[in-house]
Each structure stands twice: as structure tokens, then as C-alpha cells.
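Undergrad: Attaching a single structure in C-alpha cells format; questions to follow.
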Amino acid sequence: MTLSVDVFLLEPDGQRRILDVPGGRDDSAGFESWRTTVWGSEPVRALGARFLPVLADGDLEVGAESVAEFLGEVALLRDHLDAIAGTTQRPRGLAEHREGLVRRLRNLEVAALHARVIGGGVIVW
């Protein structure tokens, strides 16, 4: 299994409505194992990340009011990409792992930017 990132809106009755992924967009947020080996890892936590480490224990839901902060966390991780890739390296090799991180961070960012524009939230599950 893999982790997916989706955008949601809250309906007037409080129910969460997951939006369809637009054509041509990748919704992958990493492998299921990344819950602990990457997003919940000590190197990511040491940077001060508070959203993505939640994945180590369950799914992550970022409400509309927190999307800007979530985008900041994604930017923080991108700024420290080489350190994260080097300390969470998987058997496939550093270059491939780094590229996977780049793609997944971009997917998280694209979803969060869309959520911010429409007043929605982000869920990673």
C-alpha cells in the first residue's frame, strides 16, 4: 500500500467530502512504511515538523485553518532534503530515495496549495 494525499471540504453538516484527484496529478505521499521511516522519523521530528510525524501513529488531517502552516512544514523539509534523504535512505539508493522525497513533497505541496485556494483541508492516509 501507499500513502495518498487528498484535498477535502467540510460540508455544512460537518461531514468531510474528499475531492477527486485532478487528472494528471499524482496523489502519492510515499510508501506505507514512510509513516515511520520518513515522515515520523527522528530526523524529520528534529527539524521541528509537527504535522507529518503524526503519520507514525495514524492518518493526518490538516484543517483549512492550518494549511498555511502545513505548507511551511513542507518547505522546511524541502530545505533539509539532503539530510532527510541521507538519514532515511532506503535500499534502493540515495539518489532514488532523494528523488522520491522530492516527488512526494511536491505532491503534498500541490494538494495544500489547492486546499488553500478553495478553503479546504488536506488529508494524508
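Residue names in the C-alpha cells use chain letters A, B, ... in the order shown, residue numbers from 1 in each chain, and ligand numbers from 1 in the order shown.
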Show which residues sit within 9 Å of range 107-115 of chain A, as number ranges by chain. Count only C-alpha atoms, and ignore same-chain residues fewer than 4 positions away.

TA: A: 5-9, 25-29, 64, 67-68, 70-71, 74-75, 102-103, 119-122, 124

Undergrad: From a DSSP pass on the backbone, collect the residues of chain A flagged as strand (DSSP E or B) and hand them back as a PDB file with all heavy atoms, in the first residue's frame.

TA:
```pdb
ATOM      1  N   THR A   2       0.262   2.329  -0.439  1.00  0.00           N
ATOM      2  CA  THR A   2       0.951   3.609  -0.400  1.00  0.00           C
ATOM      3  C   THR A   2       0.094   4.636   0.304  1.00  0.00           C
ATOM      4  O   THR A   2      -1.122   4.486   0.420  1.00  0.00           O
ATOM      5  CB  THR A   2       1.262   4.123  -1.820  1.00  0.00           C
ATOM      6  OG1 THR A   2       0.032   4.330  -2.512  1.00  0.00           O
ATOM      7  CG2 THR A   2       2.130   3.155  -2.596  1.00  0.00           C
ATOM      8  N   LEU A   3       0.748   5.673   0.763  1.00  0.00           N
ATOM      9  CA  LEU A   3       0.047   6.800   1.364  1.00  0.00           C
ATOM     10  C   LEU A   3      -0.470   7.705   0.251  1.00  0.00           C
ATOM     11  O   LEU A   3       0.218   7.918  -0.746  1.00  0.00           O
ATOM     12  CB  LEU A   3       0.993   7.602   2.256  1.00  0.00           C
ATOM     13  CG  LEU A   3       1.483   6.914   3.516  1.00  0.00           C
ATOM     14  CD1 LEU A   3       2.588   7.739   4.163  1.00  0.00           C
ATOM     15  CD2 LEU A   3       0.329   6.719   4.484  1.00  0.00           C
ATOM     16  N   SER A   4      -1.642   8.249   0.442  1.00  0.00           N
ATOM     17  CA  SER A   4      -2.228   9.183  -0.519  1.00  0.00           C
ATOM     18  C   SER A   4      -2.469  10.518   0.149  1.00  0.00           C
ATOM     19  O   SER A   4      -2.744  10.584   1.352  1.00  0.00           O
ATOM     20  CB  SER A   4      -3.564   8.649  -1.035  1.00  0.00           C
ATOM     21  OG  SER A   4      -3.378   7.453  -1.739  1.00  0.00           O
ATOM     22  N   VAL A   5      -2.386  11.571  -0.639  1.00  0.00           N
ATOM     23  CA  VAL A   5      -2.715  12.913  -0.164  1.00  0.00           C
ATOM     24  C   VAL A   5      -3.916  13.397  -0.963  1.00  0.00           C
ATOM     25  O   VAL A   5      -3.944  13.303  -2.188  1.00  0.00           O
ATOM     26  CB  VAL A   5      -1.525  13.892  -0.275  1.00  0.00           C
ATOM     27  CG1 VAL A   5      -0.985  13.992  -1.685  1.00  0.00           C
ATOM     28  CG2 VAL A   5      -1.898  15.267   0.261  1.00  0.00           C
ATOM     29  N   ASP A   6      -4.927  13.862  -0.253  1.00  0.00           N
ATOM     30  CA  ASP A   6      -6.151  14.350  -0.875  1.00  0.00           C
ATOM     31  C   ASP A   6      -6.568  15.667  -0.245  1.00  0.00           C
ATOM     32  O   ASP A   6      -6.183  15.990   0.885  1.00  0.00           O
ATOM     33  CB  ASP A   6      -7.280  13.328  -0.714  1.00  0.00           C
ATOM     34  CG  ASP A   6      -7.052  12.092  -1.556  1.00  0.00           C
ATOM     35  OD1 ASP A   6      -7.051  12.226  -2.795  1.00  0.00           O
ATOM     36  OD2 ASP A   6      -6.873  11.000  -0.983  1.00  0.00           O
ATOM     37  N   VAL A   7      -7.382  16.384  -0.986  1.00  0.00           N
ATOM     38  CA  VAL A   7      -7.965  17.639  -0.517  1.00  0.00           C
ATOM     39  C   VAL A   7      -9.404  17.346  -0.125  1.00  0.00           C
ATOM     40  O   VAL A   7     -10.086  16.557  -0.769  1.00  0.00           O
ATOM     41  CB  VAL A   7      -7.910  18.707  -1.633  1.00  0.00           C
ATOM     42  CG1 VAL A   7      -8.610  19.991  -1.212  1.00  0.00           C
ATOM     43  CG2 VAL A   7      -6.459  18.983  -2.017  1.00  0.00           C
ATOM     44  N   PHE A   8      -9.852  18.007   0.938  1.00  0.00           N
ATOM     45  CA  PHE A   8     -11.236  17.823   1.348  1.00  0.00           C
ATOM     46  C   PHE A   8     -11.884  19.161   1.666  1.00  0.00           C
ATOM     47  O   PHE A   8     -11.211  20.152   1.938  1.00  0.00           O
ATOM     48  CB  PHE A   8     -11.344  16.877   2.561  1.00  0.00           C
ATOM     49  CG  PHE A   8     -10.806  17.441   3.842  1.00  0.00           C
ATOM     50  CD1 PHE A   8     -11.606  18.197   4.694  1.00  0.00           C
ATOM     51  CD2 PHE A   8      -9.488  17.210   4.219  1.00  0.00           C
ATOM     52  CE1 PHE A   8     -11.116  18.702   5.879  1.00  0.00           C
ATOM     53  CE2 PHE A   8      -8.982  17.707   5.399  1.00  0.00           C
ATOM     54  CZ  PHE A   8      -9.799  18.463   6.240  1.00  0.00           C
ATOM     55  N   LEU A   9     -13.193  19.155   1.610  1.00  0.00           N
ATOM     56  CA  LEU A   9     -14.008  20.291   2.039  1.00  0.00           C
ATOM     57  C   LEU A   9     -14.940  19.805   3.131  1.00  0.00           C
ATOM     58  O   LEU A   9     -15.356  18.647   3.118  1.00  0.00           O
ATOM     59  CB  LEU A   9     -14.849  20.828   0.873  1.00  0.00           C
ATOM     60  CG  LEU A   9     -14.093  21.551  -0.228  1.00  0.00           C
ATOM     61  CD1 LEU A   9     -15.023  21.830  -1.411  1.00  0.00           C
ATOM     62  CD2 LEU A   9     -13.503  22.851   0.305  1.00  0.00           C
ATOM     63  N   LEU A  10     -15.252  20.677   4.058  1.00  0.00           N
ATOM     64  CA  LEU A  10     -16.238  20.345   5.074  1.00  0.00           C
ATOM     65  C   LEU A  10     -17.602  20.799   4.588  1.00  0.00           C
ATOM     66  O   LEU A  10     -17.782  21.952   4.187  1.00  0.00           O
ATOM     67  CB  LEU A  10     -15.901  21.013   6.408  1.00  0.00           C
ATOM     68  CG  LEU A  10     -14.728  20.429   7.168  1.00  0.00           C
ATOM     69  CD1 LEU A  10     -14.526  21.179   8.481  1.00  0.00           C
ATOM     70  CD2 LEU A  10     -14.932  18.943   7.447  1.00  0.00           C
ATOM     71  N   ARG A  16     -16.899  15.490   6.084  1.00  0.00           N
ATOM     72  CA  ARG A  16     -15.762  15.735   5.215  1.00  0.00           C
ATOM     73  C   ARG A  16     -16.050  15.133   3.835  1.00  0.00           C
ATOM     74  O   ARG A  16     -16.440  13.983   3.727  1.00  0.00           O
ATOM     75  CB  ARG A  16     -14.524  15.097   5.841  1.00  0.00           C
ATOM     76  CG  ARG A  16     -13.250  15.306   5.080  1.00  0.00           C
ATOM     77  CD  ARG A  16     -12.087  14.693   5.795  1.00  0.00           C
ATOM     78  NE  ARG A  16     -12.307  13.252   5.916  1.00  0.00           N
ATOM     79  CZ  ARG A  16     -11.718  12.475   6.796  1.00  0.00           C
ATOM     80  NH1 ARG A  16     -10.881  12.969   7.657  1.00  0.00           N
ATOM     81  NH2 ARG A  16     -11.964  11.185   6.830  1.00  0.00           N
ATOM     82  N   ARG A  17     -15.860  15.939   2.783  1.00  0.00           N
ATOM     83  CA  ARG A  17     -16.038  15.456   1.412  1.00  0.00           C
ATOM     84  C   ARG A  17     -14.681  15.472   0.719  1.00  0.00           C
ATOM     85  O   ARG A  17     -14.086  16.523   0.521  1.00  0.00           O
ATOM     86  CB  ARG A  17     -17.023  16.320   0.639  1.00  0.00           C
ATOM     87  CG  ARG A  17     -17.210  15.849  -0.808  1.00  0.00           C
ATOM     88  CD  ARG A  17     -18.349  16.568  -1.518  1.00  0.00           C
ATOM     89  NE  ARG A  17     -18.277  18.001  -1.468  1.00  0.00           N
ATOM     90  CZ  ARG A  17     -17.813  18.791  -2.451  1.00  0.00           C
ATOM     91  NH1 ARG A  17     -17.367  18.261  -3.567  1.00  0.00           N
ATOM     92  NH2 ARG A  17     -17.818  20.101  -2.314  1.00  0.00           N
ATOM     93  N   ILE A  18     -14.180  14.281   0.377  1.00  0.00           N
ATOM     94  CA  ILE A  18     -12.902  14.146  -0.307  1.00  0.00           C
ATOM     95  C   ILE A  18     -13.103  14.486  -1.783  1.00  0.00           C
ATOM     96  O   ILE A  18     -13.996  13.936  -2.429  1.00  0.00           O
ATOM     97  CB  ILE A  18     -12.340  12.710  -0.179  1.00  0.00           C
ATOM     98  CG1 ILE A  18     -12.265  12.263   1.280  1.00  0.00           C
ATOM     99  CG2 ILE A  18     -10.990  12.597  -0.885  1.00  0.00           C
ATOM    100  CD1 ILE A  18     -11.299  13.018   2.132  1.00  0.00           C
ATOM    101  N   SER A  28       0.415  10.442  -4.550  1.00  0.00           N
ATOM    102  CA  SER A  28       1.244   9.626  -3.667  1.00  0.00           C
ATOM    103  C   SER A  28       1.985  10.490  -2.649  1.00  0.00           C
ATOM    104  O   SER A  28       2.621  11.487  -2.987  1.00  0.00           O
ATOM    105  CB  SER A  28       2.266   8.830  -4.474  1.00  0.00           C
ATOM    106  OG  SER A  28       3.156   8.160  -3.588  1.00  0.00           O
ATOM    107  N   ALA A  29       1.897  10.068  -1.392  1.00  0.00           N
ATOM    108  CA  ALA A  29       2.637  10.733  -0.316  1.00  0.00           C
ATOM    109  C   ALA A  29       3.733   9.814   0.218  1.00  0.00           C
ATOM    110  O   ALA A  29       4.284  10.058   1.283  1.00  0.00           O
ATOM    111  CB  ALA A  29       1.685  11.144   0.808  1.00  0.00           C
ATOM    112  N   GLY A  30       4.024   8.746  -0.500  1.00  0.00           N
ATOM    113  CA  GLY A  30       5.074   7.828  -0.095  1.00  0.00           C
ATOM    114  C   GLY A  30       4.544   6.431   0.133  1.00  0.00           C
ATOM    115  O   GLY A  30       3.351   6.168   0.040  1.00  0.00           O
ATOM    116  N   PHE A  31       5.469   5.546   0.441  1.00  0.00           N
ATOM    117  CA  PHE A  31       5.108   4.169   0.765  1.00  0.00           C
ATOM    118  C   PHE A  31       4.507   4.119   2.168  1.00  0.00           C
ATOM    119  O   PHE A  31       4.777   4.978   3.000  1.00  0.00           O
ATOM    120  CB  PHE A  31       6.346   3.275   0.692  1.00  0.00           C
ATOM    121  CG  PHE A  31       6.998   3.292  -0.656  1.00  0.00           C
ATOM    122  CD1 PHE A  31       8.147   4.037  -0.874  1.00  0.00           C
ATOM    123  CD2 PHE A  31       6.456   2.577  -1.709  1.00  0.00           C
ATOM    124  CE1 PHE A  31       8.749   4.062  -2.119  1.00  0.00           C
ATOM    125  CE2 PHE A  31       7.046   2.600  -2.967  1.00  0.00           C
ATOM    126  CZ  PHE A  31       8.200   3.346  -3.166  1.00  0.00           C
ATOM    127  N   LEU A  60      -3.268  11.689   8.858  1.00  0.00           N
ATOM    128  CA  LEU A  60      -3.073  13.105   9.123  1.00  0.00           C
ATOM    129  C   LEU A  60      -4.174  13.902   8.452  1.00  0.00           C
ATOM    130  O   LEU A  60      -4.400  13.768   7.250  1.00  0.00           O
ATOM    131  CB  LEU A  60      -1.715  13.566   8.582  1.00  0.00           C
ATOM    132  CG  LEU A  60      -1.467  15.072   8.561  1.00  0.00           C
ATOM    133  CD1 LEU A  60      -1.448  15.659   9.964  1.00  0.00           C
ATOM    134  CD2 LEU A  60      -0.165  15.384   7.827  1.00  0.00           C
ATOM    135  N   GLU A  61      -4.870  14.718   9.218  1.00  0.00           N
ATOM    136  CA  GLU A  61      -5.871  15.632   8.686  1.00  0.00           C
ATOM    137  C   GLU A  61      -5.463  17.045   9.067  1.00  0.00           C
ATOM    138  O   GLU A  61      -5.299  17.352  10.255  1.00  0.00           O
ATOM    139  CB  GLU A  61      -7.254  15.306   9.236  1.00  0.00           C
ATOM    140  CG  GLU A  61      -8.341  16.156   8.631  1.00  0.00           C
ATOM    141  CD  GLU A  61      -9.732  15.747   9.087  1.00  0.00           C
ATOM    142  OE1 GLU A  61     -10.034  14.535   9.064  1.00  0.00           O
ATOM    143  OE2 GLU A  61     -10.499  16.649   9.463  1.00  0.00           O
ATOM    144  N   VAL A  62      -5.277  17.877   8.051  1.00  0.00           N
ATOM    145  CA  VAL A  62      -4.896  19.274   8.258  1.00  0.00           C
ATOM    146  C   VAL A  62      -6.102  20.126   7.905  1.00  0.00           C
ATOM    147  O   VAL A  62      -6.523  20.173   6.739  1.00  0.00           O
ATOM    148  CB  VAL A  62      -3.694  19.667   7.368  1.00  0.00           C
ATOM    149  CG1 VAL A  62      -3.307  21.114   7.598  1.00  0.00           C
ATOM    150  CG2 VAL A  62      -2.512  18.731   7.609  1.00  0.00           C
ATOM    151  N   GLY A 121      -9.140  21.491   3.327  1.00  0.00           N
ATOM    152  CA  GLY A 121      -8.075  20.895   4.130  1.00  0.00           C
ATOM    153  C   GLY A 121      -7.375  19.808   3.353  1.00  0.00           C
ATOM    154  O   GLY A 121      -7.719  19.513   2.205  1.00  0.00           O
ATOM    155  N   VAL A 122      -6.390  19.197   4.009  1.00  0.00           N
ATOM    156  CA  VAL A 122      -5.587  18.149   3.394  1.00  0.00           C
ATOM    157  C   VAL A 122      -5.641  16.923   4.293  1.00  0.00           C
ATOM    158  O   VAL A 122      -5.555  17.042   5.519  1.00  0.00           O
ATOM    159  CB  VAL A 122      -4.110  18.611   3.230  1.00  0.00           C
ATOM    160  CG1 VAL A 122      -3.230  17.478   2.724  1.00  0.00           C
ATOM    161  CG2 VAL A 122      -4.026  19.819   2.321  1.00  0.00           C
ATOM    162  N   ILE A 123      -5.765  15.762   3.671  1.00  0.00           N
ATOM    163  CA  ILE A 123      -5.703  14.521   4.421  1.00  0.00           C
ATOM    164  C   ILE A 123      -4.631  13.630   3.776  1.00  0.00           C
ATOM    165  O   ILE A 123      -4.535  13.549   2.554  1.00  0.00           O
ATOM    166  CB  ILE A 123      -7.078  13.802   4.479  1.00  0.00           C
ATOM    167  CG1 ILE A 123      -6.986  12.578   5.392  1.00  0.00           C
ATOM    168  CG2 ILE A 123      -7.600  13.464   3.113  1.00  0.00           C
ATOM    169  CD1 ILE A 123      -8.339  11.982   5.759  1.00  0.00           C
ATOM    170  N   VAL A 124      -3.806  13.032   4.621  1.00  0.00           N
ATOM    171  CA  VAL A 124      -2.811  12.064   4.171  1.00  0.00           C
ATOM    172  C   VAL A 124      -3.171  10.772   4.876  1.00  0.00           C
ATOM    173  O   VAL A 124      -3.240  10.725   6.102  1.00  0.00           O
ATOM    174  CB  VAL A 124      -1.371  12.505   4.509  1.00  0.00           C
ATOM    175  CG1 VAL A 124      -0.360  11.494   3.968  1.00  0.00           C
ATOM    176  CG2 VAL A 124      -1.085  13.901   3.964  1.00  0.00           C
TER     177      VAL A 124
END
```

Undergrad: In Å, rounded to a single decimal, give me how far CA of Val54 in chain A is from CA of Thr36 in chain A.

TA: 9.3 Å

Undergrad: Give me, please, the distance in Å between CA of Ile84 in chain A and CA of Gly48 in chain A, quoted to one decimal.

TA: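 For CA of Ile84 in chain A relative to CA of Gly48 in chain A, the distance reads 12.8 Å.
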